Structure formats: structure tokens, C-alpha cells
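Visitor: Handing you a structure now.
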There are 2 protein chains.
Amino acid sequence: MVESSKILRESADLDDVDRKIVEELQANGRITNAELADRVGVAASTCIARVRSLVARKIITGFTASVDPRAIGLDLEVLVSVTVRSGARQRITELSEELRGLPEVMQLFFLGGVEDFIIHLAVRDSDHVRDFVVEHLSAHPAISSTRTSIVFSHHQNPVRMQG
Amino acid sequence: MVESSKILRESADLDDVDRKIVEELQANGRITNAELADRVGVAASTCIARVRSLVARKIITGFTASVDPRAIGLDLEVLVSVTVRSGARQRITELSEELRGLPEVMQLFFLGGVEDFIIHLAVRDSDHVRDFVVEHLSAHPAISSTRTSIVFSHHQNPVRMQG
DNA sequence: CATGAAATTATTACGAA
DNA sequence: TTCGTAATAATTTCATG
């Protein structure tokens with residue numbers, strides 16, 4: 001089925017206009033359509049159709065405001081590495097769902113390797129970390145061990161085209 | 001200086017309207033101001049002033065489109081843990097600046113603990129990971145060791161109020 | 001600070017190329 | 001698909017409470 005795999009790749013293929021739109025919207029997701037159209041060099045009506053197509057094709061998965069955790073009293077970020085008890089691996093999915101719902105959890109990486117998860121937390125202080133780990137991790141029957149590291153700084157980049 | 005520390009905290013303090021705006025804009029950063037005002041229950045002119053204040057106070061640090069790396073041919077995500085050579089710790093800052101500029105790097109966590117960094121990469125395939133590690137990490141004089149883990153899945157949550 | 005109203009801009013269907 | 005246009009809708013300034 002060479003055809004269908006080619007079609008699948010083509011459907012995600014971005015031309016120069018799409019690429020520029022994606023770049024601009026990653027840098028400023030609240031830019032007006034008119035301004036975006038100007039920057040990209042197409043008509044406003046073309047631009048809005050392109051943006052909708054990018055969203056419909058799930059190339060753009062959403063638009064979000066970035067919030068500084070420190071600005072709302074969450075002064076401490078940590079990464080917690082978690083190892084799941086062998087024989088409880090089938091419970092990883094339900095555990096991950098549970099963790100995702102907790103307000104402290106900013107990110108969850110489900111991994112292959114020695115560690116099964118890494119949890120990125122934003123919390124008030126070190127007492128809050130301890131409470132989180134005790135309540136949601138140490139006590140959990142599927143969890144074998146955890147390791148907590150302080151995050152001194154954290155940078156997030158836009159997704160960039162490569163190759 | 002009880003006063004000044006109180007003032008600092010107050011300046012970041014959000015009332016119910018601010019909290020609702022932050023929540024809505026994290027869920028949909030491209031919502032119109034009119035719609036946002038409706039949802040929050042204030043006049044459009046009030047709403048836009050609140051949003052600007054949140055941005056001016058750096059509570060909202062930006063607005064971005066979320067892009068699916070797989071949709072643009074970056075089919076593999078990995079975390080690379082990096083340990084810096086003791087005696088080269090003062091070079092961590094410059095190394096981090098260098099890494100941030102690379103297109104593969106989506107996130108960079110600068111840590112306290114056994115590992116000094118964790119790098120979150122989006123790449124084409126395993127050859128691409130190997131090339132990245134060889135070119136930018138193994139060869140670097142400040143780097144002592146690296147460990148790479150495949151990311152099976154990755155979830156990102158909005159920042160949520162706590163307490 | 002918040003609001004409503006007025007003026008300015010932006011969004012968006014749609015017809016034509 | 002792209003564009004220009006025209007109607008609709010949103011944004012933003014500002015005077016007033």
C-alpha cells in the first residue's frame with residue numbers, strides 16, 4: 001500500500017504558508033487574523049481558511065495562555081521519577097489518568113527505560129511536595145520507588161521544523 | 001518588612017474574575033474577548049482591561065498555539081538526562097543557552113540532584129537522537145554522562161490554582 | 001475600577017477568477 | 001485555492017457612575 005502511506009504523509013505536509021502560520025501562532029497565539037495574514041503575505045480570508053485547516057488536520061492541537069506558576073503562589077517546581085512495581089505495569093494507564101487529574105501535575109511523561117514516569121509538579125513549597133508524594137505515590141500499591149529533583153529553571157521552546 | 005512582602009504577594013493576587021479569565025484562556029487562548037467577557041460575567045471593556053493587566057503583571061506570560069510534533073514528521077520524543085562534569089558546573093548556563101537554540105529541543109529542565117539537566121527532544125527517528133547526542137552532548141567537554149529514555153506519551157495540563 | 005456607547009477594526013461568507 | 005468585497009461582529013477608547 002504505497003499509495004495510502006503516501007497519502008497519509010501528504011495530508012500532514014505543510015507548504016510555506018502553513019509553516020509561517022504555525023510559526024507565527026506559536027510565537028503569538030492571540031495575534032489577529034488580519035495581522036497574521038499580513039505577516040504571512042496572504043489575504044485575510046485565505047489565512048483564516050488555512051488556520052482552520054491546520055486545526056482540523058490536528059497539526060495545531062489548541063491555543064493556550066501560558067501562566068507563570070510563581071505568579072500564583074506556586075513557588076516550587078520539581079520532577080518526580082517514578083518506577084512501577086514489576087507485575088503492576090498493566091496498572092500504569094489508570095495510574096497515569098489519576099495523576100493527570102491532580103492540580104499539582106503540570107506534565108506527565110510516560111517512559112520506556114528504568115523509570116516508568118516522570119511527573120512535573122508545581123507546588124507551594126517543600127512541604128507540599130512531601131504531601132503530594134506521600135499521598136499519591138508512596139502509598140500507591142503499584143509504585144515501587146520515587147526520586148524527586150528540584151527544577152531550578154525550565155524553558156519551553158516552540159516546535160520547530162527540522163531537516 | 002512585613003509590609004513589602006505583603007505588597008509583593010498582593011500584586012500577584014488574583015480575584016475571582018482574574019482566576020476565571022486565566023482558566024478560560026488556558027483552555028482556549030484564541031477565544032474572542034466578547035466571548036470571554038460573557039463566560040466570566042463582566043463587560044467586554046472590563047474584560048480586556050483585566051487580560052492586559054494579567055499580561056502586564058506577567059501572570060500570563062504569553063499565548064501560543066500547541067503543535068503536534070508527529071504532525072510535522074517528528075515521530076519520536078525522548079528525554080535525555082545529562083550529568084555535567086564536576087568542575088565544569090559554572091559552564092552549565094552557557095551550555096543551556098546553546099541547547100535552547102537547537103530545533104530538536106522542546107524543553108529544558110535545569111535540575112538540582114544527581115542529574116543536572118533533562119532535555120526533552122522531538123526528533124524524526126532513533127538515528128536522529130543518536131546524531132543529536134553525539135553532536136551536542138557526548139562531544140561536549142563539560143558533559144560527563146547522558147541517559148536517553150523514550151517518551152511513550154506526554155500530557156500537559158493547565159496551571160491550576162491550589163490551596 | 002467597571003460600564004455602556006460610539007468609532008474603529010477585524011472576522012467571515014461568498015462570488016469570481 | 002486564492003482573493004476582494006460587503007455584511008456582521010469584535011475591539012477599543014472614553015466619558016460617566
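Labels for the C-alpha cells follow display order: chains A, B, ..., residues from 1 in each chain, ligands from 1.
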Using only C-alpha atoms, find the residues of chain B whose closest atom to chain A is at most 7 Å away, then write them as a VMD selection string.
Guide: chain B and resid 12 25 to 30 59 to 69 71 to 72 103 105 to 113 149 to 160 162
Visitor: Give me, as a VMD selection string, the residues of chain A that a backbone DSSP run labels strand (DSSP E).
Guide: chain A and resid 60 to 67 76 to 84 105 to 112 117 to 123 143 to 156
Visitor: So that I have them on file, write out the residues from the current selection with C-alpha atoms, as a short mmCIF file (atom, residue, chain, number, x, y, z; two decimals), in the first residue's frame.
Guide:
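What landed in result34.cif:
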```cif
data_model
loop_
_atom_site.label_atom_id
_atom_site.label_comp_id
_atom_site.auth_asym_id
_atom_site.auth_seq_id
_atom_site.Cartn_x
_atom_site.Cartn_y
_atom_site.Cartn_z
CA ILE A 60 -2.41 22.75 15.63
CA THR A 61 -3.97 20.99 18.63
CA GLY A 62 -5.06 24.07 20.55
CA PHE A 63 -4.35 27.58 21.72
CA THR A 64 -3.35 28.30 25.30
CA ALA A 65 -2.31 31.12 27.58
CA SER A 66 0.97 30.38 29.36
CA VAL A 67 0.75 31.04 33.07
CA LEU A 76 8.49 25.36 43.65
CA GLU A 77 8.73 23.08 40.63
CA VAL A 78 10.01 19.53 40.87
CA LEU A 79 10.40 16.45 38.72
CA VAL A 80 9.46 13.16 40.33
CA SER A 81 10.74 9.99 38.68
CA VAL A 82 8.56 7.00 39.37
CA THR A 83 9.26 3.31 39.00
CA VAL A 84 6.31 0.97 38.91
CA VAL A 105 0.62 17.95 37.90
CA MET A 106 1.76 20.15 35.02
CA GLN A 107 3.22 17.41 32.85
CA LEU A 108 3.40 13.67 32.76
CA PHE A 109 5.96 11.72 30.73
CA PHE A 110 5.23 8.04 30.31
CA LEU A 111 8.61 6.45 29.60
CA GLY A 112 10.38 3.35 28.44
CA PHE A 117 7.04 8.02 34.64
CA ILE A 118 8.34 11.47 35.19
CA ILE A 119 5.91 13.88 36.82
CA HIS A 120 6.45 17.62 36.57
CA LEU A 121 4.86 19.33 39.57
CA ALA A 122 4.21 22.94 40.51
CA VAL A 123 3.70 23.30 44.25
CA ILE A 143 4.59 2.19 42.79
CA SER A 144 7.96 0.74 43.65
CA SER A 145 10.07 3.87 44.12
CA THR A 146 10.27 7.61 43.51
CA ARG A 147 13.03 10.17 43.19
CA THR A 148 12.43 13.91 43.44
CA SER A 149 14.61 16.63 41.90
CA ILE A 150 14.22 20.39 42.24
CA VAL A 151 13.73 22.29 38.99
CA PHE A 152 15.97 25.38 39.11
CA SER A 153 14.80 26.61 35.77
CA HIS A 154 12.58 25.45 32.96
CA HIS A 155 12.49 26.51 29.33
CA GLN A 156 9.90 25.66 26.74
#
```
Visitor: Which residues of segment 19-123 of chain B have any atom within 8 Å of an atom in segment 5-13 of chain D when counting only C-alpha atoms (C1' of nucleotides), and what is the closest pair of atoms for each, with the distance in Å to one decimal? Order the rows by chain and rising number and write it as JSON lines.
Guide:
```
{"residue": "B:Thr32", "atom": "CA", "partner": "D:DA10", "partner_atom": "C1'", "distance": 7.5}
{"residue": "B:Asn33", "atom": "CA", "partner": "D:DA10", "partner_atom": "C1'", "distance": 7.6}
{"residue": "B:Ala34", "atom": "CA", "partner": "D:DA10", "partner_atom": "C1'", "distance": 6.8}
{"residue": "B:Ser45", "atom": "CA", "partner": "D:DT12", "partner_atom": "C1'", "distance": 7.6}
```
Visitor: Report as a VMD selection string the set of chain C residues whose atoms approach chain A to within 8 Å, with distances computed over only C-alpha atoms (C1' of nucleotides).
Guide: chain C and resid 10 to 12
Visitor: Enumerate as a PyMOL selection string the residues belonging to chain A that approach chain D to within 9 Å, with only C-alpha atoms (C1' of nucleotides) taken into account.
Guide: chain A and resi 42-43+45-46
Visitor: Got time to write the residues from that selection, N, CA, C and O atoms, as a CSV table (one decimal), in the first residue's frame?
Guide:
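Once everything was written out, this is again-v5.csv:
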```
chain,number,residue,atom,x,y,z
A,42,VAL,N,-0.7,36.7,2.8
A,42,VAL,CA,-1.9,36.2,2.1
A,42,VAL,C,-3.1,37.0,2.5
A,42,VAL,O,-3.0,37.8,3.4
A,43,ALA,N,-4.2,36.9,1.8
A,43,ALA,CA,-5.4,37.6,2.1
A,43,ALA,C,-6.0,37.1,3.4
A,43,ALA,O,-5.8,35.9,3.8
A,45,SER,N,-8.9,36.3,4.2
A,45,SER,CA,-9.9,35.2,4.0
A,45,SER,C,-9.1,33.9,3.8
A,45,SER,O,-9.5,32.8,4.2
A,46,THR,N,-8.0,34.0,3.1
A,46,THR,CA,-7.2,32.8,2.8
A,46,THR,C,-6.6,32.3,4.2
A,46,THR,O,-6.5,31.1,4.5
```
Visitor: Enumerate, as JSON, numbers by chain, the complete set of residues in segment 100-151 of chain A that a backbone-based DSSP assignment places in helix (DSSP H, G or I).
Guide: {"A": [100, 126, 127, 128, 129, 130, 131, 132, 133, 134, 135, 136, 137, 138]}
